[in-house]
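Chemist: Take a look at this one; I'll ask things after.
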Amino acid sequence: MEQRTLGQTGLRVSATALGTMTWGSDTDEHEAKDLLTEFLDAGGTLLDTAPGYGQGTAEEVVGSLMSGSVNRRDVVLMTKAGVTSGPDGSAQIETSRRTLLNSLDDSLARLGTDHVDLFMVQSPDPDTPLEEVAAALQSAVTSGRAHYVGVCHFSAWQVAYLAGLMRGGVSLSAAQAEYSLVRRSPERELMAATQNLGIGFLGCAALGRGVLTGKYRHTIPADSRAASTHLAAYVEPYLKERFTGVIEAVTTAAQGLDVDPMVVAVAWALANPAVASSIVGPRTAAQLRPLLASDLQLPPQIYVALREASA
């Protein structure tokens, strides 16, 4: 698998990253082990988790695997902080220094390690000054609990402002946002900001939360996320009719190239020079294998055709 440099750091990450959102809930530990083993065997390195995934169970599964069958040094481990689930299941956002650093300590305990390679603030918090966020990120690095730091779902101006606040030899290394053929908003400002500031861009949900696989073209499969009580709302925004043309274009391109539609969708996202890595979150190893078996680089005419179809 291709390895790419994360912004202007010396950190190399796999072009495709493995997400763990379903680990410990829809994906049990045995399936997670198969996923991670096949991912690492194919040259993958970047593993994305968060305390909010399964209310900590995803991190516990990752920690269990790294204490047994997986060498910690083979994994570029990324976790997050700043978002928790409230009593009613709604997302609670808080990025105070206390919350971020306590969350990091709790994550390290679940992961069974003394550091993560990349520590991310999961969402902007309107009630916490960015100066305080910067101080917390610097503390995470200077204390040795994280090697690099970044943010998720921050606007371009927030990324730029936060990057300017970093001190003490600690820089903002990464910015993550959803990026796919059905979500191209980072192209407007965020990607330009990350490229000019030397910050690595991490795209997530490259498969459009599953719709770009083509599985929802005619119906909602009973075993899919859209049929799940706890994940249906995650998929629903991209089941709208206005995305039909994009999905059909991906399917047509995949048929012409004799590959799985998911391979086309991820290859398209990775073709953008701003993207250091694209995160995918398959629930099973069988869903991951087509991506691992392909090193597709889209022909320019197909890349342009998909851009036009999703414009």
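Numbering starts fresh at 1 for the residues of each chain in the structure tokens, the chains themselves are lettered A, B, ... in the order given, and ligands are numbered from 1 as they appear.
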Find the residues near A:Glu31: any atom within 12 Å, counting only C-alpha atoms, skip ones fewer than 2 places away on the same chain, and give them as a list in words.
Modeler: Thr20, Thr22, Trp23, Gly24, Ser25, Asp26, Thr27, Asp28, Glu29, Lys33, Asp34, Leu35, Leu36, Thr37, Glu38, Val61, Val62, Leu65, Pro282, Arg283, Thr284, Ala285, Ala286, Gln287 and Leu288 of chain A
Chemist: Determine which residues of stretch 55-286 of chain A receive a DSSP assignment of strand (DSSP E or B), computed from the backbone, and state them as a PyMOL selection string.
Modeler: chain A and resi 76-81+83-85+91-93+116-121+146-152+172-178+180+183+200-204+275-280
Chemist: From a backbone DSSP assignment, name each residue in stretch 170-208 of chain A labelled helix (DSSP H, G or I), as a PyMOL selection string.
Modeler: chain A and resi 185-187+190-197+208
Chemist: Would you mind exporting all heavy atoms of the selected residues as a PDB file, in the first residue's frame?
Modeler:
ATOM      1  N   SER A 185     -17.236  19.466   0.060  1.00  0.00           N
ATOM      2  CA  SER A 185     -17.105  20.798   0.643  1.00  0.00           C
ATOM      3  C   SER A 185     -15.683  21.157   1.076  1.00  0.00           C
ATOM      4  O   SER A 185     -15.321  22.347   1.028  1.00  0.00           O
ATOM      5  CB  SER A 185     -18.070  20.966   1.821  1.00  0.00           C
ATOM      6  OG  SER A 185     -17.916  19.928   2.758  1.00  0.00           O
ATOM      7  N   PRO A 186     -14.815  20.200   1.500  1.00  0.00           N
ATOM      8  CA  PRO A 186     -13.448  20.607   1.857  1.00  0.00           C
ATOM      9  C   PRO A 186     -12.677  21.258   0.710  1.00  0.00           C
ATOM     10  O   PRO A 186     -11.707  21.984   0.955  1.00  0.00           O
ATOM     11  CB  PRO A 186     -12.788  19.292   2.275  1.00  0.00           C
ATOM     12  CG  PRO A 186     -13.907  18.456   2.778  1.00  0.00           C
ATOM     13  CD  PRO A 186     -15.061  18.784   1.871  1.00  0.00           C
ATOM     14  N   GLU A 187     -13.084  21.010  -0.528  1.00  0.00           N
ATOM     15  CA  GLU A 187     -12.389  21.605  -1.665  1.00  0.00           C
ATOM     16  C   GLU A 187     -12.525  23.122  -1.691  1.00  0.00           C
ATOM     17  O   GLU A 187     -11.698  23.819  -2.290  1.00  0.00           O
ATOM     18  CB  GLU A 187     -12.930  21.032  -2.975  1.00  0.00           C
ATOM     19  CG  GLU A 187     -12.633  19.552  -3.179  1.00  0.00           C
ATOM     20  CD  GLU A 187     -13.276  19.012  -4.440  1.00  0.00           C
ATOM     21  OE1 GLU A 187     -13.864  19.814  -5.206  1.00  0.00           O
ATOM     22  OE2 GLU A 187     -13.213  17.792  -4.670  1.00  0.00           O
ATOM     23  N   LEU A 190     -10.931  24.413   2.923  1.00  0.00           N
ATOM     24  CA  LEU A 190     -10.117  23.673   3.892  1.00  0.00           C
ATOM     25  C   LEU A 190      -8.876  23.056   3.265  1.00  0.00           C
ATOM     26  O   LEU A 190      -7.776  23.140   3.832  1.00  0.00           O
ATOM     27  CB  LEU A 190     -10.964  22.582   4.557  1.00  0.00           C
ATOM     28  CG  LEU A 190     -10.254  21.750   5.633  1.00  0.00           C
ATOM     29  CD1 LEU A 190      -9.718  22.645   6.748  1.00  0.00           C
ATOM     30  CD2 LEU A 190     -11.192  20.694   6.193  1.00  0.00           C
ATOM     31  N   MET A 191      -9.012  22.447   2.089  1.00  0.00           N
ATOM     32  CA  MET A 191      -7.852  21.816   1.471  1.00  0.00           C
ATOM     33  C   MET A 191      -6.793  22.844   1.087  1.00  0.00           C
ATOM     34  O   MET A 191      -5.589  22.590   1.240  1.00  0.00           O
ATOM     35  CB  MET A 191      -8.287  21.013   0.248  1.00  0.00           C
ATOM     36  CG  MET A 191      -8.972  19.706   0.599  1.00  0.00           C
ATOM     37  SD  MET A 191      -9.487  18.804  -0.863  1.00  0.00           S
ATOM     38  CE  MET A 191      -9.826  17.188  -0.153  1.00  0.00           C
ATOM     39  N   ALA A 192      -7.219  23.986   0.618  1.00  0.00           N
ATOM     40  CA  ALA A 192      -6.257  25.045   0.292  1.00  0.00           C
ATOM     41  C   ALA A 192      -5.521  25.501   1.544  1.00  0.00           C
ATOM     42  O   ALA A 192      -4.308  25.742   1.524  1.00  0.00           O
ATOM     43  CB  ALA A 192      -6.973  26.219  -0.369  1.00  0.00           C
ATOM     44  N   ALA A 193      -6.247  25.594   2.645  1.00  0.00           N
ATOM     45  CA  ALA A 193      -5.622  26.006   3.908  1.00  0.00           C
ATOM     46  C   ALA A 193      -4.594  24.982   4.368  1.00  0.00           C
ATOM     47  O   ALA A 193      -3.471  25.342   4.749  1.00  0.00           O
ATOM     48  CB  ALA A 193      -6.693  26.200   4.980  1.00  0.00           C
ATOM     49  N   THR A 194      -4.961  23.708   4.338  1.00  0.00           N
ATOM     50  CA  THR A 194      -4.024  22.687   4.815  1.00  0.00           C
ATOM     51  C   THR A 194      -2.781  22.617   3.934  1.00  0.00           C
ATOM     52  O   THR A 194      -1.659  22.477   4.440  1.00  0.00           O
ATOM     53  CB  THR A 194      -4.691  21.294   4.878  1.00  0.00           C
ATOM     54  OG1 THR A 194      -5.205  20.946   3.584  1.00  0.00           O
ATOM     55  CG2 THR A 194      -5.817  21.291   5.887  1.00  0.00           C
ATOM     56  N   GLN A 195      -2.962  22.729   2.628  1.00  0.00           N
ATOM     57  CA  GLN A 195      -1.806  22.666   1.730  1.00  0.00           C
ATOM     58  C   GLN A 195      -0.873  23.849   1.944  1.00  0.00           C
ATOM     59  O   GLN A 195       0.353  23.695   1.960  1.00  0.00           O
ATOM     60  CB  GLN A 195      -2.268  22.613   0.279  1.00  0.00           C
ATOM     61  CG  GLN A 195      -2.818  21.252  -0.140  1.00  0.00           C
ATOM     62  CD  GLN A 195      -3.183  21.204  -1.603  1.00  0.00           C
ATOM     63  OE1 GLN A 195      -4.072  21.913  -2.068  1.00  0.00           O
ATOM     64  NE2 GLN A 195      -2.485  20.367  -2.356  1.00  0.00           N
ATOM     65  N   ASN A 196      -1.418  25.039   2.124  1.00  0.00           N
ATOM     66  CA  ASN A 196      -0.585  26.223   2.301  1.00  0.00           C
ATOM     67  C   ASN A 196       0.073  26.280   3.667  1.00  0.00           C
ATOM     68  O   ASN A 196       1.143  26.887   3.821  1.00  0.00           O
ATOM     69  CB  ASN A 196      -1.427  27.486   2.074  1.00  0.00           C
ATOM     70  CG  ASN A 196      -1.634  27.798   0.606  1.00  0.00           C
ATOM     71  OD1 ASN A 196      -0.741  28.310  -0.064  1.00  0.00           O
ATOM     72  ND2 ASN A 196      -2.804  27.468   0.084  1.00  0.00           N
ATOM     73  N   LEU A 197      -0.527  25.631   4.650  1.00  0.00           N
ATOM     74  CA  LEU A 197       0.022  25.643   6.005  1.00  0.00           C
ATOM     75  C   LEU A 197       0.880  24.418   6.302  1.00  0.00           C
ATOM     76  O   LEU A 197       1.429  24.308   7.394  1.00  0.00           O
ATOM     77  CB  LEU A 197      -1.125  25.722   7.021  1.00  0.00           C
ATOM     78  CG  LEU A 197      -1.923  27.029   7.039  1.00  0.00           C
ATOM     79  CD1 LEU A 197      -3.197  26.864   7.854  1.00  0.00           C
ATOM     80  CD2 LEU A 197      -1.069  28.164   7.601  1.00  0.00           C
ATOM     81  N   GLY A 208     -18.833   7.566   1.132  1.00  0.00           N
ATOM     82  CA  GLY A 208     -20.117   8.243   1.277  1.00  0.00           C
ATOM     83  C   GLY A 208     -21.023   7.531   2.264  1.00  0.00           C
ATOM     84  O   GLY A 208     -22.225   7.391   2.032  1.00  0.00           O
TER      85      GLY A 208
END
Chemist: Give me the residues near stretch 289-306 of chain A as a PDB file with C-alpha atoms, in the first residue's frame, where near means some atom within 7 Å (using only C-alpha atoms) and where sequence neighbours in that chain fewer than 2 positions away do not count.
Modeler:
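Output saved as result.pdb:
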ATOM      1  CA  ALA A  42      -1.319  -5.316   3.000  1.00  0.00           C
ATOM      2  CA  ALA A 249     -21.485   7.238 -12.384  1.00  0.00           C
ATOM      3  CA  ASP A 260     -15.614  -2.913  -7.173  1.00  0.00           C
ATOM      4  CA  VAL A 263     -12.343   0.906  -5.184  1.00  0.00           C
ATOM      5  CA  ALA A 267      -9.250   6.011  -5.694  1.00  0.00           C
ATOM      6  CA  TRP A 268     -11.088   9.196  -6.633  1.00  0.00           C
ATOM      7  CA  ALA A 285     -12.742  -8.232   6.415  1.00  0.00           C
ATOM      8  CA  ALA A 286     -14.691  -9.317   3.317  1.00  0.00           C
ATOM      9  CA  GLN A 287     -15.746  -5.692   2.777  1.00  0.00           C
ATOM     10  CA  GLU A 308     -18.387  16.558 -13.275  1.00  0.00           C
ATOM     11  CA  ALA A 309     -21.005  14.038 -12.205  1.00  0.00           C
ATOM     12  CA  SER A 310     -20.607  15.114  -8.571  1.00  0.00           C
TER      13      SER A 310
END
Chemist: Fewer than 5 positions away in the same chain doesn't count, so skip those; otherwise give me all residues within 7 Å of stretch 134-138 of chain A, counting only C-alpha atoms, as an MDAnalysis selection string.
Modeler: chainID A and resid 97 100:101 149 162 165:166 170
Chemist: Would you save the residues of that selection, restricted to C-alpha atoms, as a PDB file, in the first residue's frame?
Modeler:
ATOM      1  CA  ARG A  97      -8.061  21.539  28.447  1.00  0.00           C
ATOM      2  CA  LEU A 100      -9.192  16.882  26.318  1.00  0.00           C
ATOM      3  CA  LEU A 101      -6.323  15.731  28.519  1.00  0.00           C
ATOM      4  CA  VAL A 149      -1.838  16.529  17.014  1.00  0.00           C
ATOM      5  CA  LEU A 162      -5.244  27.387  15.657  1.00  0.00           C
ATOM      6  CA  LEU A 165      -1.381  29.660  18.092  1.00  0.00           C
ATOM      7  CA  MET A 166       0.832  26.581  18.418  1.00  0.00           C
ATOM      8  CA  VAL A 170       4.617  21.780  18.504  1.00  0.00           C
TER       9      VAL A 170
END
Chemist: Select, from A:Arg98, A:Arg184, A:His115, A:His147, the residue with the minimum atom-to-atom distance to A:Thr9, counting only C-alpha atoms.
Modeler: A:His147
Chemist: What is the atom CA of A:Ser173-atom CA of A:Glu132 distance in Å, reported with one decimal?
Modeler: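 Between atom CA of A:Ser173 and atom CA of A:Glu132 the gap works out to 17.3 Å.
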Chemist: Between A:Leu257, A:Pro124, A:Gly63, A:Ile279, which residue has the minimum interatomic distance to A:Arg110, considering only C-alpha atoms?
Modeler: A:Gly63
Chemist: Give me the residues within 12 Å of A:Glu248 as an mmCIF file with N, CA, C and O atoms, in the first residue's frame, counting only C-alpha atoms and dropping any in the same chain fewer than 6 places off.
Modeler:
data_model
loop_
_atom_site.group_PDB
_atom_site.id
_atom_site.type_symbol
_atom_site.label_atom_id
_atom_site.label_comp_id
_atom_site.auth_asym_id
_atom_site.auth_seq_id
_atom_site.Cartn_x
_atom_site.Cartn_y
_atom_site.Cartn_z
ATOM 1 N N LEU A 181 -17.096 11.674 -3.077
ATOM 2 C CA LEU A 181 -17.827 12.168 -4.246
ATOM 3 C C LEU A 181 -19.204 12.725 -3.893
ATOM 4 O O LEU A 181 -19.799 13.440 -4.706
ATOM 5 N N VAL A 211 -22.941 4.582 0.646
ATOM 6 C CA VAL A 211 -23.800 4.676 -0.545
ATOM 7 C C VAL A 211 -23.006 4.526 -1.841
ATOM 8 O O VAL A 211 -23.546 4.069 -2.857
ATOM 9 N N LEU A 212 -21.697 4.867 -1.825
ATOM 10 C CA LEU A 212 -20.900 4.778 -3.054
ATOM 11 C C LEU A 212 -20.467 3.351 -3.366
ATOM 12 O O LEU A 212 -19.871 3.105 -4.420
ATOM 13 N N THR A 213 -20.784 2.419 -2.487
ATOM 14 C CA THR A 213 -20.545 1.012 -2.810
ATOM 15 C C THR A 213 -21.602 0.481 -3.772
ATOM 16 O O THR A 213 -21.432 -0.591 -4.351
ATOM 17 N N GLY A 214 -22.699 1.208 -3.908
ATOM 18 C CA GLY A 214 -23.791 0.787 -4.780
ATOM 19 C C GLY A 214 -24.803 -0.117 -4.112
ATOM 20 O O GLY A 214 -25.794 -0.514 -4.734
ATOM 21 N N LYS A 215 -24.600 -0.428 -2.838
ATOM 22 C CA LYS A 215 -25.482 -1.397 -2.175
ATOM 23 C C LYS A 215 -26.906 -0.877 -1.999
ATOM 24 O O LYS A 215 -27.838 -1.665 -1.817
ATOM 25 N N TYR A 216 -27.067 0.463 -2.016
ATOM 26 C CA TYR A 216 -28.395 1.033 -1.789
ATOM 27 C C TYR A 216 -29.082 1.484 -3.086
ATOM 28 O O TYR A 216 -30.067 2.210 -3.032
ATOM 29 N N ARG A 217 -28.585 1.065 -4.221
ATOM 30 C CA ARG A 217 -29.133 1.549 -5.493
ATOM 31 C C ARG A 217 -30.604 1.185 -5.676
ATOM 32 O O ARG A 217 -31.376 1.973 -6.218
ATOM 33 N N HIS A 218 -30.995 0.002 -5.245
ATOM 34 C CA HIS A 218 -32.361 -0.472 -5.496
ATOM 35 C C HIS A 218 -33.164 -0.728 -4.228
ATOM 36 O O HIS A 218 -34.388 -0.691 -4.263
ATOM 37 N N GLU A 241 -32.412 11.426 -3.474
ATOM 38 C CA GLU A 241 -32.428 11.231 -4.926
ATOM 39 C C GLU A 241 -31.347 12.045 -5.627
ATOM 40 O O GLU A 241 -30.829 11.631 -6.672
ATOM 41 N N ARG A 242 -30.950 13.184 -5.054
ATOM 42 C CA ARG A 242 -29.980 14.042 -5.745
ATOM 43 C C ARG A 242 -28.592 13.401 -5.858
ATOM 44 O O ARG A 242 -27.746 13.882 -6.618
ATOM 45 N N ALA A 254 -16.845 1.682 -12.409
ATOM 46 C CA ALA A 254 -16.356 0.420 -11.853
ATOM 47 C C ALA A 254 -16.549 -0.734 -12.824
ATOM 48 O O ALA A 254 -15.664 -1.585 -12.977
ATOM 49 N N GLN A 255 -17.684 -0.752 -13.499
ATOM 50 C CA GLN A 255 -17.929 -1.801 -14.486
ATOM 51 C C GLN A 255 -16.932 -1.718 -15.635
ATOM 52 O O GLN A 255 -16.403 -2.737 -16.099
ATOM 53 N N PRO A 261 -17.124 -0.945 -7.040
ATOM 54 C CA PRO A 261 -17.388 0.502 -6.940
ATOM 55 C C PRO A 261 -16.650 1.172 -5.787
ATOM 56 O O PRO A 261 -16.232 2.339 -5.913
ATOM 57 N N VAL A 264 -13.263 2.421 -6.834
ATOM 58 C CA VAL A 264 -13.327 3.661 -7.622
ATOM 59 C C VAL A 264 -13.525 4.858 -6.706
ATOM 60 O O VAL A 264 -12.863 5.896 -6.852
ATOM 61 N N ALA A 265 -14.432 4.728 -5.733
ATOM 62 C CA ALA A 265 -14.727 5.851 -4.834
ATOM 63 C C ALA A 265 -13.501 6.274 -4.026
ATOM 64 O O ALA A 265 -13.200 7.471 -3.904
ATOM 65 N N ALA A 305 -14.630 12.869 -15.314
ATOM 66 C CA ALA A 305 -16.051 12.549 -15.488
ATOM 67 C C ALA A 305 -16.758 12.433 -14.136
ATOM 68 O O ALA A 305 -17.896 12.894 -13.975
ATOM 69 N N LEU A 306 -16.085 11.836 -13.163
ATOM 70 C CA LEU A 306 -16.677 11.718 -11.830
ATOM 71 C C LEU A 306 -16.751 13.078 -11.131
ATOM 72 O O LEU A 306 -17.706 13.346 -10.405
ATOM 73 N N ALA A 309 -19.753 14.665 -12.653
ATOM 74 C CA ALA A 309 -21.005 14.038 -12.205
ATOM 75 C C ALA A 309 -21.369 14.445 -10.775
ATOM 76 O O ALA A 309 -22.554 14.490 -10.412
ATOM 77 N N SER A 310 -20.359 14.766 -9.974
ATOM 78 C CA SER A 310 -20.607 15.114 -8.571
ATOM 79 C C SER A 310 -20.538 16.610 -8.312
ATOM 80 O O SER A 310 -20.621 17.047 -7.156
#
Chemist: Need the shell around A:Val121: protein/DNA/RNA residues with any atom at most 9 Å away, counting only C-alpha atoms. Skip same-chain ones fewer than 2 positions apart. Format as a VMD selection string?
Modeler: chain A and resid 79 to 83 95 100 119 123 to 124 133 137 149 to 153
Chemist: Have a look at atom CA of A:Tyr179 and atom CA of A:Glu131 and let me know their distance in Å, one decimal.
Modeler: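 Rounded to one decimal, the two atoms are 27.3 Å apart.
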Chemist: What is the atom CA of A:Met262 to atom CA of A:Phe243 distance in Å?
Modeler: 15.5 Å
Chemist: So which one's closest to A:Thr113, A:Arg167, A:Arg183, A:Arg145, A:Arg4? Using only C-alpha atoms, please.
Modeler: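 For A:Thr113, the nearest of the candidates is A:Arg145.
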Chemist: Determine, counting only C-alpha atoms, which protein, DNA and RNA residues have an atom within 9 Å of an atom of A:Ala15; residues of the same chain fewer than 3 positions away are not included. Present the result as a PyMOL selection string.
Modeler: chain A and resi 1-4+44-46+270+275-279
Chemist: Selected residues, N, CA, C and O atoms, written as a PDB file, in the first residue's frame, please.
Modeler:
ATOM      1  N   MET A   1       0.834  -1.193   0.000  1.00  0.00           N
ATOM      2  CA  MET A   1       0.000   0.000   0.000  1.00  0.00           C
ATOM      3  C   MET A   1       0.873   1.249   0.000  1.00  0.00           C
ATOM      4  O   MET A   1       1.910   1.290   0.671  1.00  0.00           O
ATOM      5  N   GLU A   2       0.439   2.252  -0.725  1.00  0.00           N
ATOM      6  CA  GLU A   2       1.191   3.502  -0.811  1.00  0.00           C
ATOM      7  C   GLU A   2       1.274   4.167   0.560  1.00  0.00           C
ATOM      8  O   GLU A   2       0.318   4.196   1.326  1.00  0.00           O
ATOM      9  N   GLN A   3       2.453   4.724   0.855  1.00  0.00           N
ATOM     10  CA  GLN A   3       2.666   5.497   2.074  1.00  0.00           C
ATOM     11  C   GLN A   3       2.835   6.968   1.695  1.00  0.00           C
ATOM     12  O   GLN A   3       3.542   7.290   0.752  1.00  0.00           O
ATOM     13  N   ARG A   4       2.185   7.840   2.423  1.00  0.00           N
ATOM     14  CA  ARG A   4       2.251   9.272   2.133  1.00  0.00           C
ATOM     15  C   ARG A   4       2.693  10.041   3.372  1.00  0.00           C
ATOM     16  O   ARG A   4       2.442   9.623   4.508  1.00  0.00           O
ATOM     17  N   GLY A  44      -0.998  -1.484   5.292  1.00  0.00           N
ATOM     18  CA  GLY A  44      -1.704  -0.396   5.964  1.00  0.00           C
ATOM     19  C   GLY A  44      -1.073  -0.095   7.312  1.00  0.00           C
ATOM     20  O   GLY A  44      -0.518  -0.980   7.965  1.00  0.00           O
ATOM     21  N   THR A  45      -1.157   1.167   7.739  1.00  0.00           N
ATOM     22  CA  THR A  45      -0.577   1.550   9.031  1.00  0.00           C
ATOM     23  C   THR A  45      -1.521   2.397   9.875  1.00  0.00           C
ATOM     24  O   THR A  45      -1.597   2.215  11.083  1.00  0.00           O
ATOM     25  N   LEU A  46      -2.248   3.329   9.262  1.00  0.00           N
ATOM     26  CA  LEU A  46      -3.012   4.317  10.034  1.00  0.00           C
ATOM     27  C   LEU A  46      -4.331   3.713  10.525  1.00  0.00           C
ATOM     28  O   LEU A  46      -5.191   3.330   9.735  1.00  0.00           O
ATOM     29  N   LEU A 270      -8.414   9.712  -3.206  1.00  0.00           N
ATOM     30  CA  LEU A 270      -6.960   9.721  -3.047  1.00  0.00           C
ATOM     31  C   LEU A 270      -6.245  10.417  -4.192  1.00  0.00           C
ATOM     32  O   LEU A 270      -5.072  10.765  -4.068  1.00  0.00           O
ATOM     33  N   VAL A 275      -4.889  15.169  -0.239  1.00  0.00           N
ATOM     34  CA  VAL A 275      -5.256  14.081   0.671  1.00  0.00           C
ATOM     35  C   VAL A 275      -4.033  13.251   1.037  1.00  0.00           C
ATOM     36  O   VAL A 275      -3.392  12.655   0.173  1.00  0.00           O
ATOM     37  N   ALA A 276      -3.750  13.187   2.339  1.00  0.00           N
ATOM     38  CA  ALA A 276      -2.660  12.319   2.813  1.00  0.00           C
ATOM     39  C   ALA A 276      -3.159  10.898   3.012  1.00  0.00           C
ATOM     40  O   ALA A 276      -2.440   9.936   2.718  1.00  0.00           O
ATOM     41  N   SER A 277      -4.381  10.757   3.508  1.00  0.00           N
ATOM     42  CA  SER A 277      -4.940   9.430   3.743  1.00  0.00           C
ATOM     43  C   SER A 277      -6.454   9.532   3.735  1.00  0.00           C
ATOM     44  O   SER A 277      -7.031  10.569   4.074  1.00  0.00           O
ATOM     45  N   SER A 278      -7.086   8.435   3.335  1.00  0.00           N
ATOM     46  CA  SER A 278      -8.546   8.373   3.279  1.00  0.00           C
ATOM     47  C   SER A 278      -9.016   7.240   4.185  1.00  0.00           C
ATOM     48  O   SER A 278      -8.603   6.094   4.022  1.00  0.00           O
ATOM     49  N   ILE A 279      -9.888   7.564   5.133  1.00  0.00           N
ATOM     50  CA  ILE A 279     -10.312   6.601   6.146  1.00  0.00           C
ATOM     51  C   ILE A 279     -11.565   5.866   5.684  1.00  0.00           C
ATOM     52  O   ILE A 279     -12.548   6.494   5.282  1.00  0.00           O
TER      53      ILE A 279
END
Chemist: When distances are computed from only C-alpha atoms, which of A:Thr99, A:Ser85, A:Gln8, A:Thr16 shows the smallest separation from A:Tyr148?
Modeler: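 The answer is A:Gln8, which sits nearest to A:Tyr148.
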